[in-house]
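Novice: Just so it is clear, I am handing over entry-v6.txt, which has compact mmCIF, C-alpha atoms and all ligand atoms.
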# COMPACT_ATOMS: atom_id res chain seq x y z
CA MET A 1 7.67 8.94 17.33
CA ARG A 2 7.32 6.07 14.86
CA GLY A 3 5.41 6.64 11.63
CA LEU A 4 3.72 4.15 9.32
CA TYR A 5 3.54 4.76 5.57
CA ILE A 6 1.51 2.20 3.68
CA GLY A 7 1.02 1.69 -0.04
CA ARG A 8 1.27 -0.80 -2.86
CA PHE A 9 4.35 0.84 -4.38
CA GLN A 10 3.83 -0.61 -7.88
CA PRO A 11 6.46 0.73 -8.43
CA PHE A 12 8.13 2.84 -5.71
CA HIS A 13 8.51 6.29 -7.32
CA ASN A 14 9.89 9.77 -6.61
CA GLY A 15 6.58 10.89 -5.03
CA HIS A 16 6.85 8.05 -2.50
CA LYS A 17 10.48 8.93 -1.81
CA ALA A 18 9.53 12.59 -1.26
CA VAL A 19 6.91 11.45 1.25
CA ALA A 20 9.49 9.33 3.11
CA GLU A 21 11.80 12.36 3.31
CA TYR A 22 8.91 14.51 4.55
CA ILE A 23 8.17 11.92 7.26
CA ALA A 24 11.85 11.85 8.25
CA GLU A 25 11.55 15.55 9.15
CA GLU A 26 9.02 14.82 11.92
CA ALA A 27 9.30 11.13 12.85
CA ASP A 28 12.15 9.27 14.56
CA GLU A 29 11.54 5.96 12.78
CA LEU A 30 9.61 4.89 9.70
CA ILE A 31 7.74 1.69 8.89
CA VAL A 32 6.98 1.24 5.19
CA GLY A 33 4.12 -1.25 4.84
CA ILE A 34 3.74 -2.96 1.46
CA GLY A 35 0.08 -3.61 0.69
CA SER A 36 -1.18 -6.47 -1.51
CA PRO A 37 2.23 -8.18 -1.22
CA GLN A 38 0.86 -11.48 -2.53
CA ILE A 39 -0.14 -9.99 -5.90
CA SER A 40 2.37 -9.75 -8.75
CA HIS A 41 2.67 -10.33 -12.48
CA GLU A 42 -0.58 -8.46 -13.17
CA PRO A 43 -0.87 -5.21 -15.13
CA LEU A 44 -1.98 -3.27 -12.03
CA HIS A 45 0.46 -5.10 -9.75
CA PRO A 46 3.53 -6.06 -11.78
CA PHE A 47 6.14 -6.48 -9.03
CA THR A 48 6.49 -9.05 -6.24
CA ALA A 49 6.76 -8.13 -2.58
CA GLY A 50 10.44 -9.08 -2.63
CA GLU A 51 11.12 -6.85 -5.64
CA ARG A 52 9.29 -3.96 -3.95
CA ILE A 53 11.20 -4.51 -0.70
CA LEU A 54 14.46 -4.22 -2.66
CA MET A 55 13.29 -1.10 -4.56
CA ILE A 56 12.27 0.66 -1.35
CA THR A 57 15.14 -0.44 0.88
CA GLN A 58 17.75 0.55 -1.68
CA SER A 59 16.07 3.84 -2.65
CA LEU A 60 15.88 5.01 0.97
CA ALA A 61 19.51 4.22 1.85
CA ASP A 62 20.22 7.90 2.54
CA LEU A 63 17.10 8.51 4.66
CA LYS A 64 18.14 10.16 7.89
CA ILE A 65 16.00 7.99 10.18
CA PRO A 66 15.90 4.18 10.60
CA TYR A 67 13.27 2.40 8.51
CA TYR A 68 11.71 -1.06 8.22
CA VAL A 69 10.13 -2.30 4.99
CA LEU A 70 7.50 -4.97 5.69
CA PRO A 71 4.76 -6.77 3.76
CA VAL A 72 1.18 -6.33 5.02
CA THR A 73 -1.02 -9.05 3.56
CA ASP A 74 -4.58 -8.24 2.45
CA VAL A 75 -7.55 -9.28 4.59
CA TYR A 76 -10.34 -8.35 2.13
CA ARG A 77 -12.37 -6.92 4.99
CA ASN A 78 -11.96 -3.19 5.48
CA ALA A 79 -13.77 -3.12 8.84
CA ILE A 80 -10.98 -5.13 10.47
CA TRP A 81 -8.09 -3.95 8.32
CA VAL A 82 -6.62 -1.51 10.85
CA SER A 83 -6.43 -4.21 13.58
CA HIS A 84 -4.79 -6.47 11.03
CA VAL A 85 -2.18 -3.84 10.11
CA ILE A 86 -1.44 -3.27 13.80
CA SER A 87 -0.89 -7.01 14.20
CA MET A 88 1.61 -7.11 11.31
CA VAL A 89 4.05 -4.27 12.05
CA PRO A 90 5.95 -2.71 14.97
CA LYS A 91 3.94 -0.32 17.14
CA PHE A 92 3.42 3.06 15.45
CA ASP A 93 2.13 6.46 16.59
CA VAL A 94 1.11 8.20 13.38
CA VAL A 95 -0.05 6.98 9.97
CA TYR A 96 0.96 8.92 6.87
CA SER A 97 -1.47 8.63 3.98
CA SER A 98 -3.24 10.68 1.36
CA ASN A 99 -5.53 7.83 0.36
CA PRO A 100 -9.07 8.79 1.51
CA GLN A 101 -10.12 5.23 2.34
CA VAL A 102 -6.94 4.56 4.36
CA ILE A 103 -7.39 7.89 6.18
CA ARG A 104 -11.00 7.07 7.02
CA LEU A 105 -10.21 3.60 8.36
CA PHE A 106 -7.39 4.79 10.66
CA GLU A 107 -9.37 7.81 11.85
CA GLU A 108 -12.32 5.59 12.78
CA ALA A 109 -9.89 3.53 14.86
CA GLY A 110 -8.78 6.69 16.69
CA ILE A 111 -5.27 6.68 15.18
CA GLU A 112 -3.60 9.96 14.24
CA VAL A 113 -3.23 10.43 10.48
CA HIS A 114 -1.04 12.99 8.74
CA SER A 115 -1.48 13.70 5.04
CA PRO A 116 1.77 14.68 3.33
CA PRO A 117 1.60 17.02 0.33
CA MET A 118 1.17 15.47 -3.11
CA TYR A 119 4.31 15.85 -5.21
CA ASP A 120 3.85 16.38 -8.96
CA ARG A 121 0.92 13.97 -8.83
CA ASP A 122 0.15 14.15 -12.57
CA ARG A 123 3.45 12.48 -13.35
CA LEU A 124 4.33 10.82 -10.05
CA SER A 125 1.64 8.15 -9.83
CA GLY A 126 2.01 4.40 -10.07
CA THR A 127 -0.76 4.28 -12.67
CA ALA A 128 0.93 6.87 -14.92
CA ILE A 129 4.34 5.22 -14.54
CA ARG A 130 3.02 1.74 -15.37
CA GLU A 131 1.50 3.21 -18.56
CA LEU A 132 4.89 4.66 -19.52
CA MET A 133 6.53 1.29 -18.88
CA LYS A 134 3.94 -0.45 -21.03
CA TYR A 135 4.25 1.92 -23.98
CA GLY A 136 7.99 2.56 -23.85
CA GLY A 137 7.88 6.08 -22.40
CA ASN A 138 10.42 7.72 -20.13
CA TRP A 139 9.62 6.13 -16.76
CA GLU A 140 13.17 6.16 -15.46
CA GLU A 141 13.25 9.85 -14.58
CA LEU A 142 10.19 9.38 -12.34
CA ILE A 143 11.58 6.78 -9.96
CA PRO A 144 14.73 6.59 -7.78
CA LYS A 145 17.72 5.23 -9.69
CA GLU A 146 18.05 2.32 -7.22
CA ALA A 147 14.44 1.26 -7.95
CA ALA A 148 15.08 1.56 -11.70
CA GLU A 149 18.08 -0.72 -11.31
CA VAL A 150 15.95 -3.37 -9.53
CA ILE A 151 13.39 -3.18 -12.35
CA ARG A 152 16.10 -3.50 -15.00
CA SER A 153 17.73 -6.44 -13.20
CA ILE A 154 14.50 -8.50 -13.25
CA GLY A 155 13.51 -7.60 -16.82
CA GLY A 156 10.58 -5.67 -15.38
CA ILE A 157 9.68 -3.71 -18.50
CA ARG A 158 9.49 -6.80 -20.65
CA ARG A 159 7.37 -8.40 -17.90
CA ILE A 160 4.82 -5.58 -17.73
CA GLN A 161 4.56 -5.46 -21.53
CA GLN A 162 4.12 -9.23 -21.77
CA ILE A 163 1.51 -9.57 -19.02
CA SER A 164 -0.48 -6.68 -20.51
CA GLN A 165 -1.09 -8.65 -23.71
CA SER A 166 -4.03 -10.97 -24.21
CA ASP A 167 -4.33 -14.32 -25.93
CA GLU A 168 -7.20 -13.11 -28.13
P1 LIG B 201 -1.40 3.75 -8.04
O1 LIG B 201 -1.65 4.71 -9.17
O2 LIG B 201 -1.01 2.37 -8.46
O3 LIG B 201 -2.48 3.77 -6.99
P2 LIG B 201 0.23 5.49 -6.36
O4 LIG B 201 1.22 6.39 -7.00
O5 LIG B 201 -1.06 6.11 -5.85
O6 LIG B 201 -0.04 4.28 -7.34
P3 LIG B 201 0.33 3.95 -3.95
O7 LIG B 201 1.21 2.80 -3.63
O8 LIG B 201 -1.13 3.70 -4.19
O9 LIG B 201 0.96 4.73 -5.20
O10 LIG B 201 0.47 5.09 -2.85
C1 LIG B 201 0.94 4.91 -1.55
C2 LIG B 201 0.76 6.24 -0.84
O11 LIG B 201 1.57 7.24 -1.48
C3 LIG B 201 -0.67 6.78 -0.87
O12 LIG B 201 -0.94 7.39 0.39
C4 LIG B 201 -0.62 7.83 -1.97
O13 LIG B 201 -1.60 8.86 -1.80
C5 LIG B 201 0.79 8.37 -1.80
N1 LIG B 201 1.31 8.97 -3.02
C6 LIG B 201 1.32 8.45 -4.25
N2 LIG B 201 1.87 9.29 -5.15
C7 LIG B 201 2.23 10.39 -4.44
C8 LIG B 201 2.84 11.63 -4.80
N3 LIG B 201 3.18 11.94 -6.07
N4 LIG B 201 3.06 12.54 -3.81
C9 LIG B 201 2.68 12.27 -2.55
N5 LIG B 201 2.11 11.11 -2.14
C10 LIG B 201 1.88 10.19 -3.08
MG MG B 202 -2.74 4.90 -5.16
What does the file become when written as structure tokens?

Specialist:
Amino acid sequence: MRGLYIGRFQPFHNGHKAVAEYIAEEADELIVGIGSPQISHEPLHPFTAGERILMITQSLADLKIPYYVLPVTDVYRNAIWVSHVISMVPKFDVVYSSNPQVIRLFEEAGIEVHSPPMYDRDRLSGTAIRELMKYGGNWEELIPKEAAEVIRSIGGIRRIQQISQSDE
């Protein structure tokens, strides 16, 4: 059984990694789909698709099933989004998501959806982690060390702080 896990992963954090490990308990292969891959260098979307591919691929090196990390471009049209996703990735049997809109869209298309548990959601959320990065908090303990290394290597903290400023 091949599972699809889709998200924006801005950045990939320990909650996402816990979900991948949960999926590896019941699936034989995992596709990680990176949403909004074309958006980067914005406060809500600081990292490029390539940077996210590196974060995810390196953080999952010990996963016990094979995995593919692929960009899934936006179509800005929810009613056809599921067909679009299907056209972009290898065939999958089950979608893993806890995002209500994603769940609804796949269920309407008759595709099986499993919702993994939420892990320490107060701290393990992209939004909370981006805030820590912006204000100099301890973000490193919340993401896999391989992802932290990618962020360090591209000057990611300086980037998020700089792009969060205004010219006013
Ligand atoms: P943001 O705050 O930017 O939306 P996020 O942490 O929700 O970031 P996404 O890329 O939106 O990350 O999430 C991808 C998928 O991972 C979604 O299905 C989301 O519900 C799930 N997810 C996010 N955080 C956790 C967590 N701590 N535990 C389990 N699943 C999570
Ligand atoms: Mg989210």

Novice: Just checking: using all atoms listed in the file, which residue out of A:Gln58, A:Gln161, A:Ser166, A:Ser97 ends up closest to ligand LIG 201 (chain B)?

Specialist: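 The closest residue to ligand LIG 201 (chain B) is A:Ser97.
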
Novice: Write out as a list in words each polymer residue whose atoms come within 10 Å of Ala79 of chain A, counting only C-alpha atoms; drop sequence neighbours fewer than 6 positions from it.

Specialist: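 My reading of the contact set: Leu105, Glu108 and Ala109 of chain A.
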
Novice: Could you give me, as a VMD selection string, the residues within 12 Å of Glu131 of chain A, counting only C-alpha atoms and dropping anything in the same chain fewer than 5 positions from it?

Specialist: chain A and resid 10 to 11 43 to 44 46 123 to 126 136 to 139 157 160 to 161 164

Novice: Set out as a tab-separated table a contact list for chain A and ligand LIG 201 (chain B) with a cut-off of 6 Å, giving each residue of chain A that qualifies its closest atom pair and distance in Å to one decimal, counting all atoms listed in the file, ordered by chain and rising residue number.

Specialist:
residue	atom	partner	partner_atom	distance
A:Ile6	CA	B:LIG201	C1	5.9
A:Gly7	CA	B:LIG201	C1	3.6
A:Arg8	CA	B:LIG201	O7	3.7
A:Phe9	CA	B:LIG201	O7	3.8
A:Gln10	CA	B:LIG201	O2	5.7
A:Gly15	CA	B:LIG201	N3	3.7
A:His16	CA	B:LIG201	O11	5.4
A:Val19	CA	B:LIG201	C9	5.7
A:Ser97	CA	B:LIG201	O12	3.8
A:Ser98	CA	B:LIG201	O13	4.0
A:Asn99	CA	B:LIG201	O13	4.6
A:Pro117	CA	B:LIG201	C9	5.7
A:Met118	CA	B:LIG201	N4	3.6
A:Tyr119	CA	B:LIG201	N4	3.8
A:Asp120	CA	B:LIG201	N3	5.3
A:Arg121	CA	B:LIG201	N3	4.1
A:Leu124	CA	B:LIG201	N3	4.3
A:Ser125	CA	B:LIG201	O4	3.4
A:Gly126	CA	B:LIG201	O6	3.4
A:Thr127	CA	B:LIG201	O1	3.6

Novice: Got time to write the residues from that selection, C-alpha atoms, as an mmCIF file, in the frame of the given file?

Specialist:
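Generated file (selection_22.cif):
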data_model
loop_
_atom_site.group_PDB
_atom_site.id
_atom_site.type_symbol
_atom_site.label_atom_id
_atom_site.label_comp_id
_atom_site.auth_asym_id
_atom_site.auth_seq_id
_atom_site.Cartn_x
_atom_site.Cartn_y
_atom_site.Cartn_z
ATOM 1 C CA ILE A 6 1.510 2.200 3.680
ATOM 2 C CA GLY A 7 1.020 1.690 -0.040
ATOM 3 C CA ARG A 8 1.270 -0.800 -2.860
ATOM 4 C CA PHE A 9 4.350 0.840 -4.380
ATOM 5 C CA GLN A 10 3.830 -0.610 -7.880
ATOM 6 C CA GLY A 15 6.580 10.890 -5.030
ATOM 7 C CA HIS A 16 6.850 8.050 -2.500
ATOM 8 C CA VAL A 19 6.910 11.450 1.250
ATOM 9 C CA SER A 97 -1.470 8.630 3.980
ATOM 10 C CA SER A 98 -3.240 10.680 1.360
ATOM 11 C CA ASN A 99 -5.530 7.830 0.360
ATOM 12 C CA PRO A 117 1.600 17.020 0.330
ATOM 13 C CA MET A 118 1.170 15.470 -3.110
ATOM 14 C CA TYR A 119 4.310 15.850 -5.210
ATOM 15 C CA ASP A 120 3.850 16.380 -8.960
ATOM 16 C CA ARG A 121 0.920 13.970 -8.830
ATOM 17 C CA LEU A 124 4.330 10.820 -10.050
ATOM 18 C CA SER A 125 1.640 8.150 -9.830
ATOM 19 C CA GLY A 126 2.010 4.400 -10.070
ATOM 20 C CA THR A 127 -0.760 4.280 -12.670
#

Novice: When you draw a straight line from atom CA of Phe106 of chain A to atom CA of Trp81 of chain A, how long is it in Å?

Specialist: 9.1 Å

Novice: Considering only C-alpha atoms, return as a PDB file with C-alpha atoms, in the frame of the given file whatever protein or nucleic-acid residues lie within 10 Å of Lys17 of chain A, sequence-local ones (same chain, fewer than 4 positions apart) excluded.

Specialist:
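Final file, around.pdb:
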ATOM      1  CA  PHE A  12       8.130   2.840  -5.710  1.00  0.00           C
ATOM      2  CA  HIS A  13       8.510   6.290  -7.320  1.00  0.00           C
ATOM      3  CA  GLU A  21      11.800  12.360   3.310  1.00  0.00           C
ATOM      4  CA  TYR A  22       8.910  14.510   4.550  1.00  0.00           C
ATOM      5  CA  ILE A  23       8.170  11.920   7.260  1.00  0.00           C
ATOM      6  CA  ILE A  56      12.270   0.660  -1.350  1.00  0.00           C
ATOM      7  CA  SER A  59      16.070   3.840  -2.650  1.00  0.00           C
ATOM      8  CA  LEU A  60      15.880   5.010   0.970  1.00  0.00           C
ATOM      9  CA  LEU A  63      17.100   8.510   4.660  1.00  0.00           C
ATOM     10  CA  TYR A 119       4.310  15.850  -5.210  1.00  0.00           C
ATOM     11  CA  ILE A 143      11.580   6.780  -9.960  1.00  0.00           C
ATOM     12  CA  PRO A 144      14.730   6.590  -7.780  1.00  0.00           C
TER      13      PRO A 144
END

Novice: Please provide as a PyMOL selection string all residues within 8 Å of Tyr96 of chain A, with the sequence filter that same-chain residues fewer than 4 positions apart are discarded (counting only C-alpha atoms).

Specialist: chain A and resi 3-6+23+113-116

Novice: Would you pick out the contacts of Tyr76 of chain A at 12 Å or less, using all atoms listed in the file, so that residues sharing its chain but fewer than 6 positions from it are not included, and give the list as a PyMOL selection string?

Specialist: chain A and resi 35-36+82+84

Novice: Generate the output file for the selected residues, C-alpha atoms, as an mmCIF file, in the coordinates of the input.

Specialist:
data_model
loop_
_atom_site.group_PDB
_atom_site.id
_atom_site.type_symbol
_atom_site.label_atom_id
_atom_site.label_comp_id
_atom_site.auth_asym_id
_atom_site.auth_seq_id
_atom_site.Cartn_x
_atom_site.Cartn_y
_atom_site.Cartn_z
ATOM 1 C CA GLY A 35 0.080 -3.610 0.690
ATOM 2 C CA SER A 36 -1.180 -6.470 -1.510
ATOM 3 C CA VAL A 82 -6.620 -1.510 10.850
ATOM 4 C CA HIS A 84 -4.790 -6.470 11.030
#

Novice: Between atom CA of Ile34 of chain A and atom CA of Gln162 of chain A, what is the distance, to one decimal in Å?

Specialist: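 Taking atom CA of Ile34 of chain A and atom CA of Gln162 of chain A, their separation equals 24.1 Å.
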
Novice: Which distance in Å separates atom CA of Val89 of chain A and atom CA of Gly50 of chain A, to one decimal?

Specialist: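 Going from atom CA of Val89 of chain A over to atom CA of Gly50 of chain A covers 16.7 Å.
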
Novice: For a cut-off of 10 Å around (10.1, 8.4, 10.7), file coordinates, pick out all residues using all atoms listed in the file and list them as number ranges by chain.

Specialist: A: 1-5, 20-32, 63-68, 92, 94, 96

Novice: Which of these, A:Glu168, A:Arg159, A:Tyr135, A:Asp122, has the shortest distance to His41 of chain A once you count only C-alpha atoms?

Specialist: A:Arg159

Novice: Using all atoms listed in the file, pick whichever of A:Gly33, A:Lys145, A:Met55, A:Ala18 has the shortest atom-to-atom distance to Val95 of chain A.

Specialist: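 So, comparing all the options, the nearest one is A:Gly33.
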
Novice: Point out the residue among A:Asn14, A:Asn78, A:Gln38, A:Gln101 with the least atom-to-atom distance to ligand MG 202 (chain B), counting only C-alpha atoms and all ligand atoms.

Specialist: A:Gln101

Novice: Determine the nearest neighbour of ligand MG 202 (chain B) from the options A:Arg158, A:His45, A:Arg52, A:Lys134, counting only C-alpha atoms and all ligand atoms.

Specialist: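 Ranked by minimum distance to ligand MG 202 (chain B), first place goes to A:His45.
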
Novice: Rebuild segment 51-72 of chain A to N, CA, C and O atoms - output it as a short mmCIF file (atom, residue, chain, number, x, y, z; two decimals), in the frame of the given file, please.

Specialist:
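Result file is out12.cif:
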data_model
loop_
_atom_site.label_atom_id
_atom_site.label_comp_id
_atom_site.auth_asym_id
_atom_site.auth_seq_id
_atom_site.Cartn_x
_atom_site.Cartn_y
_atom_site.Cartn_z
N GLU A 51 10.57 -7.88 -4.73
CA GLU A 51 11.12 -6.85 -5.64
C GLU A 51 10.83 -5.46 -5.08
O GLU A 51 11.69 -4.56 -5.13
N ARG A 52 9.63 -5.27 -4.52
CA ARG A 52 9.29 -3.96 -3.95
C ARG A 52 10.12 -3.68 -2.70
O ARG A 52 10.54 -2.55 -2.45
N ILE A 53 10.36 -4.70 -1.89
CA ILE A 53 11.20 -4.51 -0.70
C ILE A 53 12.60 -4.03 -1.13
O ILE A 53 13.16 -3.11 -0.54
N LEU A 54 13.14 -4.65 -2.18
CA LEU A 54 14.46 -4.22 -2.66
C LEU A 54 14.42 -2.78 -3.18
O LEU A 54 15.29 -1.96 -2.86
N MET A 55 13.39 -2.47 -4.00
CA MET A 55 13.29 -1.10 -4.56
C MET A 55 13.28 -0.07 -3.43
O MET A 55 13.97 0.96 -3.49
N ILE A 56 12.46 -0.33 -2.42
CA ILE A 56 12.27 0.66 -1.35
C ILE A 56 13.51 0.74 -0.46
O ILE A 56 14.02 1.82 -0.17
N THR A 57 14.00 -0.42 -0.04
CA THR A 57 15.14 -0.44 0.88
C THR A 57 16.34 0.27 0.24
O THR A 57 17.02 1.08 0.87
N GLN A 58 16.58 -0.03 -1.03
CA GLN A 58 17.75 0.55 -1.68
C GLN A 58 17.55 2.04 -1.98
O GLN A 58 18.48 2.84 -1.87
N SER A 59 16.32 2.43 -2.32
CA SER A 59 16.07 3.84 -2.65
C SER A 59 16.13 4.74 -1.43
O SER A 59 16.34 5.94 -1.56
N LEU A 60 15.91 4.18 -0.24
CA LEU A 60 15.88 5.01 0.97
C LEU A 60 17.20 4.95 1.74
O LEU A 60 17.26 5.40 2.90
N ALA A 61 18.25 4.42 1.12
CA ALA A 61 19.51 4.22 1.85
C ALA A 61 20.00 5.49 2.54
O ALA A 61 20.64 5.42 3.59
N ASP A 62 19.72 6.65 1.94
CA ASP A 62 20.22 7.90 2.54
C ASP A 62 19.23 8.56 3.49
O ASP A 62 19.48 9.66 3.98
N LEU A 63 18.09 7.91 3.75
CA LEU A 63 17.10 8.51 4.66
C LEU A 63 17.75 8.73 6.02
O LEU A 63 18.51 7.89 6.50
N LYS A 64 17.40 9.85 6.66
CA LYS A 64 18.14 10.16 7.89
C LYS A 64 17.54 9.55 9.15
O LYS A 64 18.02 9.83 10.24
N ILE A 65 16.51 8.72 9.02
CA ILE A 65 16.00 7.99 10.18
C ILE A 65 15.97 6.49 9.85
O ILE A 65 15.93 6.12 8.68
N PRO A 66 15.99 5.62 10.87
CA PRO A 66 15.90 4.18 10.60
C PRO A 66 14.55 3.83 9.99
O PRO A 66 13.54 4.47 10.31
N TYR A 67 14.54 2.80 9.13
CA TYR A 67 13.27 2.40 8.51
C TYR A 67 13.21 0.89 8.36
O TYR A 67 14.24 0.22 8.27
N TYR A 68 11.98 0.37 8.37
CA TYR A 68 11.71 -1.06 8.22
C TYR A 68 10.74 -1.21 7.07
O TYR A 68 9.72 -0.52 7.03
N VAL A 69 11.02 -2.09 6.14
CA VAL A 69 10.13 -2.30 4.99
C VAL A 69 9.51 -3.68 5.13
O VAL A 69 10.21 -4.70 5.10
N LEU A 70 8.17 -3.72 5.33
CA LEU A 70 7.50 -4.97 5.69
C LEU A 70 6.26 -5.21 4.83
O LEU A 70 5.52 -4.28 4.54
N PRO A 71 6.01 -6.46 4.47
CA PRO A 71 4.76 -6.77 3.76
C PRO A 71 3.57 -6.76 4.72
O PRO A 71 3.70 -7.18 5.87
N VAL A 72 2.43 -6.28 4.25
CA VAL A 72 1.18 -6.33 5.02
C VAL A 72 0.15 -7.02 4.13
O VAL A 72 -0.38 -6.42 3.20
#
